[in-house]
Amino acid sequence: MLPPVTRDAQLISALYDAVLALAVLTFVVVEGLLIYSVIRFRRRRADEMPEQVHGNRTLELVWTVVPAIVVAVIFVLSVDTLGRMTARGTLSNPVAHVHAINDQEARRRVERAQPVDMVIEVVGRQWIWQYKYPGGDGVITNEELVVPANKNIRLDMTAADVIHAWWMPELGPMIYVNPGQMSYVWFNVPPGEYIGQCNVYCGVAHANMISRVKALPQAEFDEWYARQAAANSTATRPGDPEAGRQLFMNSSCVACHYIEGTKAQGRVAPRELTRFAAYPTIAQLEGFENNAENLAAWLRNPQAVKPGTAMPNLNLKAQEIADLVAYLQTLK
Amino acid sequence: MASISIPLPLRERARTGLLGWLATVDHKKIGVMYMVMAFAFFVIAGLLALVIRLQLAAPNMQIVDPNTYNQIFTMHGTVMIFLFTIPMLVGGFGNYFLPLMIGARDVAFPRLNAFSFWISLGAGLVMFGGFLFGARSDATWTAYVPYSNKTFSPTIGMDIWLLGLILLGIGSTLGAVNFLVTLYTMRAPGMTAWRIPMFGWAMATTAVMVLLATPVLTAALIMLVADRNFNTQFFSANQAQLWQHMFWFYSHPAVYIMILPAMGIVSEIIPVFARKPLFGLRAVVISTALIGLLGFTTWVHHMFVSGVDPVIERFFMFTTMVIAVPTGVKVFNWLATLWGGSLNLKTPLLMCLGFLTTFVIGGLSGVMMASIPIDQYVHNSYWVVAHFHYTLFGGSVFGIFAGLYYWVPKITGRMFDDKLGKLHFWLMLIGFNVTFFPMHHLGLMGMPRRIATYAAGRGWESGNLIATIGAFLLALSVLIFILNVIKLRNGQPAGEDPWEGNTLEWSTSSPPPEYNFREIPVVESERPLFDARWRASHLP
């Protein structure tokens with residue numbers, strides 16, 4: 001397994017090792033008996049006739065009861081681990097991860113144990129995770145969730161279209177994120193960067209639905225957050241094609257879009273962007289001329305321009321839009 | 001051997017040539033047609049698997065575009081389960097050998113039997129025809145709602161897929177009725193319950209499971225068709241779990257539908273090749289029935305991360321783990337049958353030993369995954385892909401090849417080349433493990449299943465490359481089997497009973513006449529042919 005970072009992930013990892021040991025032991029016994037039999041009892045004379053044994057009640061009892069005991073041990077270990085994961089393994093422990101779907105009681109229990117420092121609303125949609133921060137600054141990130149390290153974080157998750165699954169292997173158990181339902185995830189992680197990806201098949205770009213968690217020390221997080229909040233309102237400098245290119249290539253754009261010779265190998269969007277600037281229109285929309293102003297409007301909210309388009313509103317900031325427009329206009 | 005005379009049924013003059021196959025109601029010809037159909041689909045789905053493995057051999061590969069990739073793995077799973085494993089085991093081996101083994105002249109309802117076959121073939125052609133002509137589903141073999149509803153899967157490919165499965169469900173439900181009635185009413189005189197061959201018990205349990213589980217899937221499929229085409233709201237978007245419950249209520253028992261007949265085959269072959277009776281026959285029969293029963297109480301273990309009440313999850317964890325006990329009983333009884341025997345290490349027995357080895361790994365990983373915390377880590381990862389291939393390839397497919405090496409001499413009257421068979425076995429055993437063992441590691445490293453590609457640098461490169469190499473070894477082993485089938489034409493004549501078999505199919509000619517037995521034998525133990533040989537050598 002990947003190195004466990006949260007307490008829950010550590011519990012799972014320990015349980016896995018214990019059960020694996022029992023499984024390996026069982027396999028060695030079975031395979032040992034099999035190989036021994038093959039060597040010892042192979043036919044040596046064509047006419048040999050072994051003793052005709054039809055069965056043995058004591059033996060039957062032994063190999064019913066012994067496996068039953070092994071299974072009972074695994075069951076008890078699992079229930080015990082579960083108990084520690086969801087009861088004691090709440091936020092009273094500094095490194096914890098708890099999850100539940102539609103389970104308000106579990107949520108309240110955890111909150112009673114220790115207050116949550118930050119609640120982030122998460123929407124899973126084809127093929128991107130979007131994280132909305134509290135605080136009214138309208139800070140929304142795509143794909144990468146930046147959190148303060150060593151704080152109690154709760155994710156209130158739902159899906160906008162089909163079922164997705166939140167799986168960060170280092171951070172503990174996975175959970176489905178269903179449309180119309182809430183899934184809750186709590187965690188508290190040391191500084192670091194963690195990667196995972198959607199784990200319920202969700203369509204053509206399922207493979208590109210990556211999730212990243214970046215845990216920063218509180219001071220660095222505050223700095224990052226202030227930058228995000230400020231960048232939301234106005235662009236501070238003219239669009240920079242290089243910044244736009246980097247943003248494009250390092251974000252979920254590449255999940256759906258194709259630009260020859262780059263990392264962008266997505267084949268979801270109907271037209272490739274290799275020579276985007278040469279197209280007369282944007283999004284093949286009649287009369288929607290391909291110019292900087294229209295492109296900015298499109299990136300700000302695609303649904304408002306062309307209702308029903310597959311391109312989601314990525315909640316891009318003004319500066320990001322300016323950079324992306326500058327970059328896309330270089331694609332000739 | 002004692003026997004009684006039952007007059008041969010009046011029949012029309014036996015047809016020959018193509019019409020003899022198309023118009024037949026003979027269980028043996030129908031069985032052969034099932035086997036040929038299933039094997040053809042096995043080859044096709046295997047080729048699809050090679051495309052999957054090529055695409056994943058290295059990071060960022062694009063042998064096919066992601067859309068096509070998703071359609072390919074959807075079809076791979078669907079075909080392997082519904083058009084290969086189930087028709088091969090139930091339709092193929094069940095049809096051909098069940099009546100022969102119980103001393104019957106045919107199944108209870110021969111025409112219904114023919115109907116089951118033709119509707120299954122029709123279903124296969126509908127589904128595969130759709131695939132060839134661009135009407136493809138990419139919703140995976142589990143077709144989770146809402147992805148499979150009209151909004152997210154708008155094309156007709158999804159409807160074709162659903163239609164194909166509905167037709168297959170009808171065929172297999174009718175087949176189950178037929179087998180149960182045949183087993184209940186048409187056994188040879190003297191064949192009491194405890195003298196039914198183990199394969200018969202396996203088929204009986206399988207048929208009960210098919211009968212109880214398949215209608216639930218068929219209902220779910222029809223509801224989804226209605227949702228897609230007539231705006232019903234059975235699976236509304238906010239009830240993600242309902243489809244999963246109905247789907248797995250069939251599809252978990254389906255796992256046992258695919259493994260119990262293979263276990264039945266193994267239970268027939270091991271005693272013959274060890275020259276011993278099956279150890280603990282009654283314990284094996286009871287375990288088989290228990291697996292069938294418990295198989296209906298485990299489906300929620302597919303939903304440990306879907307959002308199910310925690311108490312209910314613990315209940316299903318318990319039932320899932322319990323099923324390991326009767327399975328273990330069977331494994332130990334097979335080992336005890338080998339113990340102290342006189343092992344004839346021909347290909348059929350080797351395939352059974354391969355079955356035992358790989359299936360036990362799959363069974364043990366199944367117990368591991370039944371543990372909720374472990375499942376919450378490995379669910380939907382490549383670890384799971386490894387697990388179910390260990391049960392369904394390591395179990396069912398090794399069982400199927402064991403059955404083919406054992407029984408094709410009866411069907412064709414010719415023996416396989418045993419050396420080539422052994423080469424096939426060893427290549428398949430090695431290829432299988434090289435392909436699927438590294439997938440455990442990939443899953444633990446965080447690789448989800450059903451991804452069309454992956455980026456470099458996440459520790460998945462070497463495992464995937466090894467798995468791809470293994471897949472080509474597997475393909476080579478299947479090629480060797482096909483070569484062996486072609487060579488059958490010049491094979492040694494099999495005679496009535498090349499293996500010193502135990503059961504009634506070995507008392508008639510190879511291939512058997514249309515009426516199976518000139519005279520219906522009277523059965524005095526679970527090994528009528530062993531008795532006959534004993535009498536012949538001990539009585540004047």
# chains A, B, ... in the order shown; residues from 1 in each chain; ligands from 1
>>> select_by_dssp(residues="segment 123-215 of chain A", states="strand (DSSP E or B)", output="ChimeraX atom specification")
/A:123-125,128-132,140-142,144-148,153-159,164-166,175-177,179,183-187,192-197,210-215
>>> interface_residues(of="chain A", to="chain B", cutoff="7 Å", atoms="only C-alpha atoms", output="count of residues only")
45
>>> select_by_dssp(residues="segment 64-311 of chain A", states="alpha helix (DSSP H)", output="MDAnalysis selection string")
chainID A and resid 64:83 104:113 218:233 241:249 253:256 292:300 302:305
>>> atom_distance(atom1="atom CA of Lys150 of chain B", atom2="atom CA of Ala310 of chain A")
15.2 Å
>>> residues_around(residues="Ser252 of chain A", least_positions_apart="4", cutoff="9 Å", atoms="only C-alpha atoms", output="PDB file with N, CA and C atoms, in the first residue's frame")
ATOM      1  N   TRP A 127     -15.416  15.958 -15.871  1.00  0.00           N
ATOM      2  CA  TRP A 127     -14.449  15.080 -15.322  1.00  0.00           C
ATOM      3  C   TRP A 127     -13.490  15.882 -14.493  1.00  0.00           C
ATOM      4  N   ILE A 128     -14.066  16.491 -13.439  1.00  0.00           N
ATOM      5  CA  ILE A 128     -13.296  17.439 -12.641  1.00  0.00           C
ATOM      6  C   ILE A 128     -13.861  17.495 -11.225  1.00  0.00           C
ATOM      7  N   ASN A 142     -10.146  24.066  -8.987  1.00  0.00           N
ATOM      8  CA  ASN A 142     -10.438  22.865  -9.756  1.00  0.00           C
ATOM      9  C   ASN A 142      -9.298  21.886  -9.563  1.00  0.00           C
ATOM     10  N   GLU A 143      -9.638  20.612  -9.441  1.00  0.00           N
ATOM     11  CA  GLU A 143      -8.664  19.533  -9.395  1.00  0.00           C
ATOM     12  C   GLU A 143      -7.823  19.545  -8.135  1.00  0.00           C
ATOM     13  N   ASN A 208      -8.878  10.889 -16.616  1.00  0.00           N
ATOM     14  CA  ASN A 208      -8.223  12.190 -16.394  1.00  0.00           C
ATOM     15  C   ASN A 208      -8.782  12.936 -15.198  1.00  0.00           C
ATOM     16  N   MET A 209      -9.712  12.308 -14.470  1.00  0.00           N
ATOM     17  CA  MET A 209     -10.344  13.007 -13.349  1.00  0.00           C
ATOM     18  C   MET A 209      -9.484  12.834 -12.100  1.00  0.00           C
ATOM     19  N   ILE A 210      -8.447  13.651 -12.049  1.00  0.00           N
ATOM     20  CA  ILE A 210      -7.445  13.551 -10.983  1.00  0.00           C
ATOM     21  C   ILE A 210      -7.876  14.409  -9.788  1.00  0.00           C
ATOM     22  N   PHE A 248      -3.169  25.954 -18.631  1.00  0.00           N
ATOM     23  CA  PHE A 248      -3.901  24.997 -19.464  1.00  0.00           C
ATOM     24  C   PHE A 248      -3.355  23.588 -19.265  1.00  0.00           C
ATOM     25  N   CYS A 256     -10.106  17.065 -21.548  1.00  0.00           N
ATOM     26  CA  CYS A 256     -11.088  17.041 -22.637  1.00  0.00           C
ATOM     27  C   CYS A 256     -10.533  17.581 -23.956  1.00  0.00           C
TER      28      CYS A 256
END
>>> closest_residue(among="A:Asp8, A:Asp47, A:Glu320, A:Glu170", to="Gly244 of chain A", atoms="only C-alpha atoms")
A:Glu320
>>> residues_around(residues="Arg154 of chain A", least_positions_apart="2", cutoff="8 Å", atoms="only C-alpha atoms", output="ChimeraX atom specification")
/A:116-120,152,156,184-187
>>> write_last_selection(atoms="N, CA and C atoms", output="CSV table (one decimal), in the first residue's frame")
chain,number,residue,atom,x,y,z
A,116,VAL,N,-14.9,21.4,13.6
A,116,VAL,CA,-14.3,21.3,12.3
A,116,VAL,C,-13.7,22.7,12.1
A,117,ASP,N,-12.4,22.8,11.6
A,117,ASP,CA,-11.8,24.0,11.3
A,117,ASP,C,-12.2,24.6,10.0
A,118,MET,N,-12.5,23.8,9.0
A,118,MET,CA,-12.9,24.3,7.7
A,118,MET,C,-13.7,23.3,7.0
A,119,VAL,N,-14.8,23.9,6.4
A,119,VAL,CA,-15.7,23.0,5.6
A,119,VAL,C,-15.6,23.5,4.2
A,120,ILE,N,-15.3,22.5,3.3
A,120,ILE,CA,-15.2,22.9,1.9
A,120,ILE,C,-16.3,22.1,1.1
A,152,ASN,N,-8.6,20.3,11.1
A,152,ASN,CA,-9.7,19.4,10.8
A,152,ASN,C,-10.5,19.9,9.6
A,156,ASP,N,-17.8,18.5,2.2
A,156,ASP,CA,-19.2,18.2,2.0
A,156,ASP,C,-19.4,17.9,0.5
A,184,TYR,N,-19.7,12.8,3.2
A,184,TYR,CA,-18.8,13.6,4.0
A,184,TYR,C,-17.5,12.9,4.3
A,185,VAL,N,-16.5,13.7,4.2
A,185,VAL,CA,-15.1,13.2,4.4
A,185,VAL,C,-14.4,14.2,5.4
A,186,TRP,N,-13.9,13.6,6.4
A,186,TRP,CA,-13.1,14.4,7.4
A,186,TRP,C,-11.6,14.0,7.3
A,187,PHE,N,-10.7,14.9,7.3
A,187,PHE,CA,-9.3,14.5,7.5
A,187,PHE,C,-8.5,15.6,8.1
